[in-house]
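J.: Questions regarding the structure given below will be posed in turn.
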Amino acid sequence: MKTRTSAAALVASCLMMSTPGNAAVQEAVDACIDRLRAEGGPNAKAGTVLSSEFSEAGTLVMLKDRGGKVWRCIGYSDGTVGELSPVDAGVENGDRPQETDTSAGRPVAGPSTEVTERLNFAPGTSGAIAEFSLKSGEAMNYLLNARDGQFLNVRLDTESPFLFYMIYVPDGGILYESSQAGNDYRGQLYETGDHRIEVFYDGEPGTNGKGQLTITIE
């Protein structure tokens, strides 16, 4: 996970206060996100950090995955996790710990409304440009059929700091996260089939993000 985080998709503008234990909290939150993404199933690839509460014994991190399930995690300052488990419906319905840390509420790449469109290159070309405007919580999925060994180039042009994209290989694994490595990607593909590029907007409710993707295959 991001926090679409060491995982998938923490927004870089989240500020960290210079208070005791804050670095330890960051390590613990990232560790919990990574563990949830690895073990929580398909819906755990995206979600939200609900809260984190530091103590010397370990940091309690509450997470909600894209499917709405709430998870309880105990993380440590060395980047390890002592416990990860789903919580009961009472917590999911709102009876959860109060948000106590600046990491609370950080988005992990993951929209609530998605549209899918297949990219088809014009005859004689090897690329396409996709323009979009997304509201908070919306995403666009672009499907591109490509072969093992080809090179994929993706560039996101936008003025919004809250637009990100993720590239998925045909088996569903994550190939690239722009929130982690920037808006330009170039790499050689290792699977044949439909590759999915998911663009999502994590801005404030009531706002929108505009941009365009330039995609080429070599």
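Lettering and numbering for the structure tokens are positional, with chains as A, B, ... in the shown order, residues counted from 1 in each chain, and ligands counted from 1 in the shown order.
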Write out as a list in words the residues lying within 9 Å of Ala24 in chain A, counting only C-alpha atoms and excluding same-chain residues fewer than 2 positions away.

T.: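 The residues satisfying every condition are Pro20, Gly21, Asn22, Gln26, Glu27, Ala28, Val29, Phe54, Gly58, Thr59, Tyr76, Ser77, Asp78 and Gly79 of chain A.
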
J.: Which neighbours of Leu156 in chain A fall inside 12 Å, counting only C-alpha atoms, when residues of the same chain fewer than 5 positions from it are skipped, and could you give them as a PyMOL selection string?

T.: chain A and resi 129-132+161-166+177-179+182-185+197-200+210-215

J.: Take the residues that were just selected and, keeping N, CA and C atoms, output them as a compact mmCIF listing (two decimals), in the first residue's frame.

T.:
```txt
# COMPACT_ATOMS: atom_id res chain seq x y z
N ILE A 129 -2.12 10.31 -26.49
CA ILE A 129 -2.24 11.28 -25.41
C ILE A 129 -3.67 11.21 -24.87
N ALA A 130 -3.78 11.06 -23.57
CA ALA A 130 -5.09 10.98 -22.92
C ALA A 130 -5.24 12.17 -21.98
N GLU A 131 -6.26 12.98 -22.20
CA GLU A 131 -6.54 14.12 -21.35
C GLU A 131 -7.70 13.78 -20.41
N PHE A 132 -7.69 14.35 -19.22
CA PHE A 132 -8.71 14.01 -18.24
C PHE A 132 -8.89 15.15 -17.24
N PRO A 161 -0.68 18.90 -7.51
CA PRO A 161 0.21 18.01 -6.74
C PRO A 161 -0.51 16.77 -6.22
N PHE A 162 -1.82 16.65 -6.52
CA PHE A 162 -2.61 15.55 -5.99
C PHE A 162 -3.07 14.57 -7.05
N LEU A 163 -2.52 14.66 -8.25
CA LEU A 163 -2.78 13.68 -9.30
C LEU A 163 -1.63 12.70 -9.36
N PHE A 164 -1.96 11.42 -9.38
CA PHE A 164 -0.95 10.37 -9.40
C PHE A 164 -1.40 9.27 -10.36
N TYR A 165 -0.48 8.38 -10.70
CA TYR A 165 -0.87 7.22 -11.49
C TYR A 165 -0.10 5.99 -11.04
N MET A 166 -0.70 4.85 -11.32
CA MET A 166 -0.08 3.56 -11.04
C MET A 166 -0.17 2.72 -12.30
N GLU A 177 4.54 3.35 -9.37
CA GLU A 177 3.69 4.29 -8.65
C GLU A 177 4.32 5.67 -8.75
N SER A 178 3.63 6.62 -9.36
CA SER A 178 4.21 7.95 -9.53
C SER A 178 4.36 8.68 -8.20
N SER A 179 3.53 8.35 -7.21
CA SER A 179 3.65 9.01 -5.91
C SER A 179 4.96 8.68 -5.23
N GLY A 182 7.87 9.74 -9.12
CA GLY A 182 7.78 10.85 -10.05
C GLY A 182 6.84 10.58 -11.21
N ASN A 183 6.63 11.63 -12.02
CA ASN A 183 5.61 11.57 -13.06
C ASN A 183 6.07 10.96 -14.38
N ASP A 184 7.36 10.66 -14.51
CA ASP A 184 7.88 10.07 -15.75
C ASP A 184 8.30 8.62 -15.52
N TYR A 185 7.82 7.73 -16.38
CA TYR A 185 8.22 6.32 -16.29
C TYR A 185 8.73 5.83 -17.63
N ILE A 197 -3.15 1.47 -16.66
CA ILE A 197 -2.62 2.70 -16.06
C ILE A 197 -3.78 3.39 -15.36
N GLU A 198 -3.70 3.47 -14.05
CA GLU A 198 -4.76 4.07 -13.24
C GLU A 198 -4.33 5.46 -12.80
N VAL A 199 -5.08 6.48 -13.19
CA VAL A 199 -4.82 7.85 -12.78
C VAL A 199 -5.87 8.23 -11.74
N PHE A 200 -5.46 8.79 -10.61
CA PHE A 200 -6.42 9.12 -9.57
C PHE A 200 -6.09 10.48 -8.96
N LYS A 210 -6.75 18.39 -13.29
CA LYS A 210 -6.69 18.21 -14.74
C LYS A 210 -5.27 17.84 -15.15
N GLY A 211 -5.17 17.05 -16.20
CA GLY A 211 -3.86 16.69 -16.69
C GLY A 211 -3.95 15.86 -17.96
N GLN A 212 -2.80 15.39 -18.41
CA GLN A 212 -2.78 14.50 -19.57
C GLN A 212 -1.65 13.50 -19.41
N LEU A 213 -1.90 12.32 -19.94
CA LEU A 213 -0.90 11.26 -20.00
C LEU A 213 -0.40 11.13 -21.42
N THR A 214 0.90 11.09 -21.59
CA THR A 214 1.51 10.77 -22.87
C THR A 214 2.09 9.37 -22.75
N ILE A 215 1.63 8.46 -23.60
CA ILE A 215 1.97 7.04 -23.49
C ILE A 215 2.53 6.58 -24.84
```

J.: Taking into account only C-alpha atoms, which residue in the set A:Cys32, A:Ala181, A:Ala38, A:Val25 is nearest to Ser55 in chain A?

T.: A:Val25

J.: Leaving out Ile74 in chain A and any residue of its chain fewer than 6 positions from it, which residues lie within 7 Å of it when counting only C-alpha atoms, given as a list in words?

T.: Gly58, Thr59, Leu60, Val61, Val81, Gly82, Glu83 and Leu84 of chain A

J.: Limited to all heavy atoms, could you put the picked residues into a file as a short mmCIF file (atom, residue, chain, number, x, y, z; two decimals), in the first residue's frame?

T.:
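Output saved as result.cif:
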```
data_model
loop_
_atom_site.label_atom_id
_atom_site.label_comp_id
_atom_site.auth_asym_id
_atom_site.auth_seq_id
_atom_site.Cartn_x
_atom_site.Cartn_y
_atom_site.Cartn_z
N GLY A 58 5.14 0.36 20.91
CA GLY A 58 4.76 0.15 19.52
C GLY A 58 3.70 1.15 19.11
O GLY A 58 2.97 1.68 19.96
N THR A 59 3.61 1.45 17.83
CA THR A 59 2.64 2.42 17.32
C THR A 59 1.40 1.71 16.81
O THR A 59 1.49 0.80 15.98
CB THR A 59 3.27 3.26 16.19
OG1 THR A 59 4.37 4.00 16.71
CG2 THR A 59 2.26 4.23 15.61
N LEU A 60 0.23 2.12 17.33
CA LEU A 60 -1.04 1.59 16.86
C LEU A 60 -1.46 2.36 15.63
O LEU A 60 -1.64 3.58 15.67
CB LEU A 60 -2.10 1.71 17.94
CG LEU A 60 -3.54 1.40 17.52
CD1 LEU A 60 -3.68 -0.06 17.08
CD2 LEU A 60 -4.52 1.73 18.63
N VAL A 61 -1.62 1.65 14.52
CA VAL A 61 -2.01 2.27 13.25
C VAL A 61 -3.34 1.66 12.80
O VAL A 61 -3.47 0.44 12.73
CB VAL A 61 -0.94 2.05 12.15
CG1 VAL A 61 -1.33 2.76 10.86
CG2 VAL A 61 0.43 2.53 12.63
N VAL A 81 6.57 -5.21 11.81
CA VAL A 81 5.18 -5.22 12.26
C VAL A 81 4.98 -6.38 13.23
O VAL A 81 5.39 -7.51 12.95
CB VAL A 81 4.22 -5.36 11.06
CG1 VAL A 81 2.79 -5.61 11.52
CG2 VAL A 81 4.28 -4.12 10.19
N GLY A 82 4.35 -6.09 14.36
CA GLY A 82 4.09 -7.13 15.34
C GLY A 82 2.74 -7.77 15.18
O GLY A 82 2.54 -8.93 15.54
N GLU A 83 1.77 -7.02 14.64
CA GLU A 83 0.41 -7.53 14.52
C GLU A 83 -0.32 -6.79 13.41
O GLU A 83 -0.18 -5.57 13.26
CB GLU A 83 -0.35 -7.33 15.83
CG GLU A 83 -1.82 -7.70 15.77
CD GLU A 83 -2.59 -7.25 17.02
OE1 GLU A 83 -1.95 -7.01 18.06
OE2 GLU A 83 -3.83 -7.15 16.91
N LEU A 84 -1.10 -7.53 12.64
CA LEU A 84 -2.01 -6.95 11.65
C LEU A 84 -3.27 -7.79 11.63
O LEU A 84 -3.22 -8.99 11.38
CB LEU A 84 -1.39 -6.92 10.25
CG LEU A 84 -2.33 -6.45 9.13
CD1 LEU A 84 -2.65 -4.97 9.30
CD2 LEU A 84 -1.71 -6.70 7.76
#
```

J.: Find the residues near range 186-191 of chain A: any atom within 6 Å, counting only C-alpha atoms, skip ones fewer than 3 places away on the same chain, and give them as a ChimeraX atom specification.

T.: /A:148-153

J.: Put those residues in a file: N, CA, C and O atoms, as a PDB file, in the first residue's frame.

T.:
```pdb
ATOM      1  N   ASP A 148       5.706  -8.605 -23.808  1.00  0.00           N
ATOM      2  CA  ASP A 148       6.944  -8.829 -23.067  1.00  0.00           C
ATOM      3  C   ASP A 148       8.136  -8.360 -23.905  1.00  0.00           C
ATOM      4  O   ASP A 148       8.250  -8.691 -25.084  1.00  0.00           O
ATOM      5  N   GLY A 149       9.012  -7.550 -23.293  1.00  0.00           N
ATOM      6  CA  GLY A 149      10.199  -7.069 -23.982  1.00  0.00           C
ATOM      7  C   GLY A 149      10.063  -5.685 -24.569  1.00  0.00           C
ATOM      8  O   GLY A 149      11.066  -5.036 -24.876  1.00  0.00           O
ATOM      9  N   GLN A 150       8.819  -5.203 -24.774  1.00  0.00           N
ATOM     10  CA  GLN A 150       8.640  -3.844 -25.268  1.00  0.00           C
ATOM     11  C   GLN A 150       8.956  -2.832 -24.162  1.00  0.00           C
ATOM     12  O   GLN A 150       8.902  -3.144 -22.968  1.00  0.00           O
ATOM     13  N   PHE A 151       9.256  -1.601 -24.585  1.00  0.00           N
ATOM     14  CA  PHE A 151       9.505  -0.522 -23.636  1.00  0.00           C
ATOM     15  C   PHE A 151       8.272   0.379 -23.558  1.00  0.00           C
ATOM     16  O   PHE A 151       7.738   0.805 -24.586  1.00  0.00           O
ATOM     17  N   LEU A 152       7.843   0.659 -22.340  1.00  0.00           N
ATOM     18  CA  LEU A 152       6.694   1.522 -22.102  1.00  0.00           C
ATOM     19  C   LEU A 152       7.182   2.851 -21.534  1.00  0.00           C
ATOM     20  O   LEU A 152       8.005   2.888 -20.612  1.00  0.00           O
ATOM     21  N   ASN A 153       6.681   3.934 -22.122  1.00  0.00           N
ATOM     22  CA  ASN A 153       6.975   5.275 -21.634  1.00  0.00           C
ATOM     23  C   ASN A 153       5.673   5.958 -21.252  1.00  0.00           C
ATOM     24  O   ASN A 153       4.721   5.993 -22.051  1.00  0.00           O
TER      25      ASN A 153
END
```

J.: Which residue, A:Gly47, A:Gly193, A:Gly209, A:Pro123, has the smallest gap to Gly68 in chain A when you use only C-alpha atoms?

T.: A:Gly47

J.: So, counting only C-alpha atoms, which residue among A:Arg147, A:Arg37, A:Arg66, A:Arg72 is closest to Ser51 in chain A?

T.: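 Residue with the minimum atom-to-atom distance to Ser51 in chain A: A:Arg72.
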
J.: Find the residues around Ile167 in chain A up to 6 Å (only C-alpha atoms counted), leave out those fewer than 3 positions away in its own chain, and share them as a list in words.

T.: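 Close residues of Ile167 in chain A: Leu175, Tyr176, Arg196 and Ile197 of chain A.
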
J.: With all heavy atoms retained, write the just-selected residues as a PDB file, in the first residue's frame.

T.:
```
ATOM      1  N   LEU A 175       3.533  -2.281 -11.220  1.00  0.00           N
ATOM      2  CA  LEU A 175       4.785  -2.039 -11.915  1.00  0.00           C
ATOM      3  C   LEU A 175       5.406  -0.713 -11.504  1.00  0.00           C
ATOM      4  O   LEU A 175       6.629  -0.599 -11.380  1.00  0.00           O
ATOM      5  CB  LEU A 175       4.545  -2.064 -13.430  1.00  0.00           C
ATOM      6  CG  LEU A 175       5.752  -1.747 -14.327  1.00  0.00           C
ATOM      7  CD1 LEU A 175       6.820  -2.829 -14.182  1.00  0.00           C
ATOM      8  CD2 LEU A 175       5.294  -1.624 -15.781  1.00  0.00           C
ATOM      9  N   TYR A 176       4.562   0.308 -11.274  1.00  0.00           N
ATOM     10  CA  TYR A 176       5.091   1.652 -11.019  1.00  0.00           C
ATOM     11  C   TYR A 176       4.051   2.484 -10.276  1.00  0.00           C
ATOM     12  O   TYR A 176       2.846   2.355 -10.513  1.00  0.00           O
ATOM     13  CB  TYR A 176       5.430   2.331 -12.339  1.00  0.00           C
ATOM     14  CG  TYR A 176       6.127   3.668 -12.210  1.00  0.00           C
ATOM     15  CD1 TYR A 176       7.482   3.748 -11.923  1.00  0.00           C
ATOM     16  CD2 TYR A 176       5.423   4.863 -12.393  1.00  0.00           C
ATOM     17  CE1 TYR A 176       8.120   4.974 -11.802  1.00  0.00           C
ATOM     18  CE2 TYR A 176       6.059   6.086 -12.280  1.00  0.00           C
ATOM     19  CZ  TYR A 176       7.408   6.138 -11.990  1.00  0.00           C
ATOM     20  OH  TYR A 176       8.040   7.355 -11.879  1.00  0.00           O
ATOM     21  N   ARG A 196      -2.562  -1.918 -17.259  1.00  0.00           N
ATOM     22  CA  ARG A 196      -3.529  -0.902 -16.839  1.00  0.00           C
ATOM     23  C   ARG A 196      -2.809   0.276 -16.195  1.00  0.00           C
ATOM     24  O   ARG A 196      -1.978   0.097 -15.303  1.00  0.00           O
ATOM     25  CB  ARG A 196      -4.549  -1.498 -15.853  1.00  0.00           C
ATOM     26  CG  ARG A 196      -5.582  -0.490 -15.349  1.00  0.00           C
ATOM     27  CD  ARG A 196      -6.744  -1.204 -14.678  1.00  0.00           C
ATOM     28  NE  ARG A 196      -6.322  -1.970 -13.518  1.00  0.00           N
ATOM     29  CZ  ARG A 196      -6.341  -1.496 -12.262  1.00  0.00           C
ATOM     30  NH1 ARG A 196      -6.731  -0.249 -12.026  1.00  0.00           N
ATOM     31  NH2 ARG A 196      -5.969  -2.262 -11.260  1.00  0.00           N
ATOM     32  N   ILE A 197      -3.151   1.468 -16.655  1.00  0.00           N
ATOM     33  CA  ILE A 197      -2.617   2.697 -16.063  1.00  0.00           C
ATOM     34  C   ILE A 197      -3.777   3.389 -15.362  1.00  0.00           C
ATOM     35  O   ILE A 197      -4.743   3.819 -15.999  1.00  0.00           O
ATOM     36  CB  ILE A 197      -2.002   3.616 -17.132  1.00  0.00           C
ATOM     37  CG1 ILE A 197      -0.925   2.863 -17.917  1.00  0.00           C
ATOM     38  CG2 ILE A 197      -1.423   4.873 -16.482  1.00  0.00           C
ATOM     39  CD1 ILE A 197      -0.424   3.620 -19.137  1.00  0.00           C
TER      40      ILE A 197
END
```

J.: Mind giving me the straight-line distance from CA of Gly67 in chain A to CA of Asn43 in chain A in Å, one decimal?

T.: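 Interatomic distance here is 5.3 Å.
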
J.: Please compute the CA of Val169 in chain A-CA of Arg155 in chain A distance, one decimal, in Å.

T.: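 About the pair CA of Val169 in chain A and CA of Arg155 in chain A: they are 17.2 Å apart.
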